[in-house]
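Okay, structure first, notes after.
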Amino acid sequence: MTFGVVTFPGSNCDEDMVYVLENILNQKVERLWHKDTDLKGVDFVVLPGGFSYGDYLRSGAIAKLSPIMGSVIEHAKAGKYVLGICNGFQILTESGLLDGALLHNDQQKFICKNVNLKPASNESGITKDLDISKSYKIPIAHGEGRFYADDATIKRLIDNNQVLFQYVDENGIASAEANPNGSVNNIAGICNEGRNVFGMMPHPERAADKDLANEDGRAFFESILKNC
Amino acid sequence: MKFKAEIDVMPLDALLDPQGKAVSNSMKTVGMPEISEVRIGRHIRLHVEAENESAASEKVTEACKKLLANAIMESFTFSIEAV
């Protein structure tokens with residue numbers, strides 16, 4: 001599988017993502033530039049974290065209009081895979097490829113810490129090989145990560161098993177205390193109806209190298225490699 | 001003709017506005033407890049070229065829907081005048 005990692009002006013997790021895919025998982029990676037429209041034949045597009053276009057207007061609002069996103073939207077609509085992490089998730093909701101929106105955290109603080117993340121179901125390529133009975137320690141780093149959608153949309157996401165991840169406490173419970181940013185139903189990640197577009201606020205690429213003393217994120221990529 | 005639009009984009013009433021809440025609380029600190037329910041949005045001013053005011057209004061609505069506001073979390077209102 002060939003991965004394409006997009007760099008927007010203000011992306012700052014693109015190199016981490018390329019490093020993990022190339023050096024930890026031994027995959028071929030193409031670097032994609034926001035001004036280009038050629039996806040270079042990649043199978044799987046990753047929109048990394050950061051502050052594309054300085055988060056001007058709203059996070060992801062300007063990035064969704066960049067030339068590369070026209071091709072990414074076509075790629076997704078053809079049923080091919082896209083993963084957005086953090087700012088990448090914000091870009092996917094702004095583009096309409098994923099439901100909902102990411103609002104300012106309920107405490108208005110930028111939060112940078114490890115969270116306990118629990119896969120909500122195994123019904124997607126990124127969660128298929130994860131253990132839904134356990135939680136994974138994954139870092140978050142965002143100011144605008146409060147997932148919101150109206151009640152009907154939330155119900156549809158839950159009924160279709162499109163919720164990928166929830167923030168949980170040490171006992172695996174999606175409690176109010178474990179919710180770092182006020183997301184509806186502690187939602188940390190979702191997928192589209194076709195299960196080929198994934199979005200999540202936490203950063204598994206920051207927890208995939210043994211030198212960082214936390215490799216919980218590696219399982220997310222291994223699940224993608226096996227099931228996408 | 002050229003028109004000037006003054007647009008207000010506000011968080012939907014149903015949504016928590018943490019920035020507004022923090023400012024609301026700070027009003028007590030500046031000795032103004034009579035102020036409450038602060039909500040903070042964004043003000044956008046722009047010029048639009050159109051045949052008449054109604055056409056200008058349609059253009060501004062389109063701009064709000066396509067980019068300036070996100071209907072999932074924000075509402076918008078605007079006024080227009082010829083310049």
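Naming works like this for the structure tokens: A, B, ... for the chains as they're shown, residue 1 at the start of each chain, ligands 1 onward in shown order.
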
Next on the checklist: So that I can check the surroundings of Asn185 (chain A), please list as a PyMOL selection string every protein, DNA and RNA residue that reaches within 12 Å of it, counting only C-alpha atoms and ignoring chain neighbours fewer than 5 positions away.
Outcome noted: chain A and resi 120+146-151+154-155+157-158+163-168+173-180+190

Would you save the residues from that selection as a PDB file, in the first residue's frame, using C-alpha atoms?
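Once everything was written out, this is again_20.pdb:
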ATOM      1  CA  ALA A 120     -16.189   1.929  19.927  1.00  0.00           C
ATOM      2  CA  ARG A 146     -15.085  19.388  20.887  1.00  0.00           C
ATOM      3  CA  PHE A 147     -16.940  17.098  18.513  1.00  0.00           C
ATOM      4  CA  TYR A 148     -20.461  18.338  17.896  1.00  0.00           C
ATOM      5  CA  ALA A 149     -23.304  17.237  15.671  1.00  0.00           C
ATOM      6  CA  ASP A 150     -27.059  17.579  16.099  1.00  0.00           C
ATOM      7  CA  ASP A 151     -29.006  14.834  17.890  1.00  0.00           C
ATOM      8  CA  ILE A 154     -25.285  11.582  16.558  1.00  0.00           C
ATOM      9  CA  LYS A 155     -28.006   8.934  16.618  1.00  0.00           C
ATOM     10  CA  LEU A 157     -23.479   7.770  13.754  1.00  0.00           C
ATOM     11  CA  ILE A 158     -24.114   5.531  16.757  1.00  0.00           C
ATOM     12  CA  VAL A 163     -18.227   6.200  16.043  1.00  0.00           C
ATOM     13  CA  LEU A 164     -14.636   4.941  15.969  1.00  0.00           C
ATOM     14  CA  PHE A 165     -13.248   6.099  19.319  1.00  0.00           C
ATOM     15  CA  GLN A 166     -14.358   7.518  22.662  1.00  0.00           C
ATOM     16  CA  TYR A 167     -12.440   9.187  25.459  1.00  0.00           C
ATOM     17  CA  VAL A 168     -12.694   6.911  28.505  1.00  0.00           C
ATOM     18  CA  ILE A 173     -16.025   4.161  30.966  1.00  0.00           C
ATOM     19  CA  ALA A 174     -16.882   7.146  28.751  1.00  0.00           C
ATOM     20  CA  SER A 175     -17.489   9.351  31.794  1.00  0.00           C
ATOM     21  CA  ALA A 176     -17.840  13.136  31.941  1.00  0.00           C
ATOM     22  CA  GLU A 177     -14.526  13.269  33.840  1.00  0.00           C
ATOM     23  CA  ALA A 178     -12.757  11.427  31.030  1.00  0.00           C
ATOM     24  CA  ASN A 179     -14.048  13.853  28.412  1.00  0.00           C
ATOM     25  CA  PRO A 180     -11.166  16.306  27.860  1.00  0.00           C
ATOM     26  CA  ILE A 190     -15.723   8.855  13.511  1.00  0.00           C
TER      27      ILE A 190
END

With 10 Å as the limit and counting only C-alpha atoms, what residues in chain B lie close to chain A? Please list them as a PDB file with N, CA and C atoms, in the first residue's frame.
ATOM      1  N   PRO B  11     -22.065  31.773  17.227  1.00  0.00           N
ATOM      2  CA  PRO B  11     -22.273  30.359  17.567  1.00  0.00           C
ATOM      3  C   PRO B  11     -23.764  30.110  17.776  1.00  0.00           C
ATOM      4  N   ALA B  14     -27.837  26.967  20.798  1.00  0.00           N
ATOM      5  CA  ALA B  14     -27.840  25.708  21.549  1.00  0.00           C
ATOM      6  C   ALA B  14     -26.432  25.307  22.010  1.00  0.00           C
ATOM      7  N   LEU B  15     -25.401  25.945  21.447  1.00  0.00           N
ATOM      8  CA  LEU B  15     -24.036  25.500  21.742  1.00  0.00           C
ATOM      9  C   LEU B  15     -23.406  26.303  22.862  1.00  0.00           C
ATOM     10  N   LEU B  16     -22.642  25.603  23.680  1.00  0.00           N
ATOM     11  CA  LEU B  16     -21.848  26.273  24.700  1.00  0.00           C
ATOM     12  C   LEU B  16     -20.813  27.162  24.006  1.00  0.00           C
ATOM     13  N   ASP B  17     -20.711  28.425  24.454  1.00  0.00           N
ATOM     14  CA  ASP B  17     -19.690  29.337  23.940  1.00  0.00           C
ATOM     15  C   ASP B  17     -18.731  29.633  25.089  1.00  0.00           C
ATOM     16  N   PRO B  18     -17.663  28.834  25.213  1.00  0.00           N
ATOM     17  CA  PRO B  18     -16.780  28.966  26.375  1.00  0.00           C
ATOM     18  C   PRO B  18     -16.126  30.346  26.466  1.00  0.00           C
ATOM     19  N   GLN B  19     -15.848  30.947  25.313  1.00  0.00           N
ATOM     20  CA  GLN B  19     -15.237  32.279  25.318  1.00  0.00           C
ATOM     21  C   GLN B  19     -16.213  33.303  25.908  1.00  0.00           C
ATOM     22  N   LYS B  21     -18.682  32.643  27.864  1.00  0.00           N
ATOM     23  CA  LYS B  21     -18.907  32.326  29.278  1.00  0.00           C
ATOM     24  C   LYS B  21     -17.793  32.915  30.148  1.00  0.00           C
ATOM     25  N   ALA B  22     -16.544  32.791  29.681  1.00  0.00           N
ATOM     26  CA  ALA B  22     -15.408  33.319  30.442  1.00  0.00           C
ATOM     27  C   ALA B  22     -15.509  34.841  30.555  1.00  0.00           C
ATOM     28  N   ARG B  42     -18.138  36.490  15.289  1.00  0.00           N
ATOM     29  CA  ARG B  42     -17.150  37.088  14.388  1.00  0.00           C
ATOM     30  C   ARG B  42     -17.866  38.119  13.524  1.00  0.00           C
ATOM     31  N   LYS B  66     -21.117  29.127   1.714  1.00  0.00           N
ATOM     32  CA  LYS B  66     -19.993  28.385   1.143  1.00  0.00           C
ATOM     33  C   LYS B  66     -18.743  28.432   2.007  1.00  0.00           C
ATOM     34  N   LEU B  67     -18.561  29.531   2.746  1.00  0.00           N
ATOM     35  CA  LEU B  67     -17.281  29.658   3.454  1.00  0.00           C
ATOM     36  C   LEU B  67     -17.340  30.401   4.792  1.00  0.00           C
ATOM     37  N   LEU B  68     -18.039  31.529   4.828  1.00  0.00           N
ATOM     38  CA  LEU B  68     -17.875  32.413   5.988  1.00  0.00           C
ATOM     39  C   LEU B  68     -18.476  31.858   7.273  1.00  0.00           C
ATOM     40  N   ALA B  69     -19.526  31.024   7.150  1.00  0.00           N
ATOM     41  CA  ALA B  69     -20.131  30.426   8.342  1.00  0.00           C
ATOM     42  C   ALA B  69     -20.280  28.927   8.122  1.00  0.00           C
ATOM     43  N   ASN B  70     -20.223  28.175   9.205  1.00  0.00           N
ATOM     44  CA  ASN B  70     -20.446  26.730   9.146  1.00  0.00           C
ATOM     45  C   ASN B  70     -21.789  26.463   9.817  1.00  0.00           C
ATOM     46  N   ALA B  71     -22.780  26.099   9.001  1.00  0.00           N
ATOM     47  CA  ALA B  71     -24.165  25.985   9.495  1.00  0.00           C
ATOM     48  C   ALA B  71     -24.322  24.961  10.619  1.00  0.00           C
ATOM     49  N   ILE B  72     -23.357  24.052  10.737  1.00  0.00           N
ATOM     50  CA  ILE B  72     -23.457  23.053  11.811  1.00  0.00           C
ATOM     51  C   ILE B  72     -23.285  23.716  13.173  1.00  0.00           C
ATOM     52  N   MET B  73     -22.486  24.773  13.211  1.00  0.00           N
ATOM     53  CA  MET B  73     -22.211  25.394  14.511  1.00  0.00           C
ATOM     54  C   MET B  73     -22.479  26.889  14.580  1.00  0.00           C
TER      55      MET B  73
END

Item to check | Picked from region 60-182 of chain A by DSSP as strand (DSSP E or B), as an NGL selection string | outcome: :A and (81-85 or 101-103 or 111-119 or 136-142 or 146-148 or 163-168)
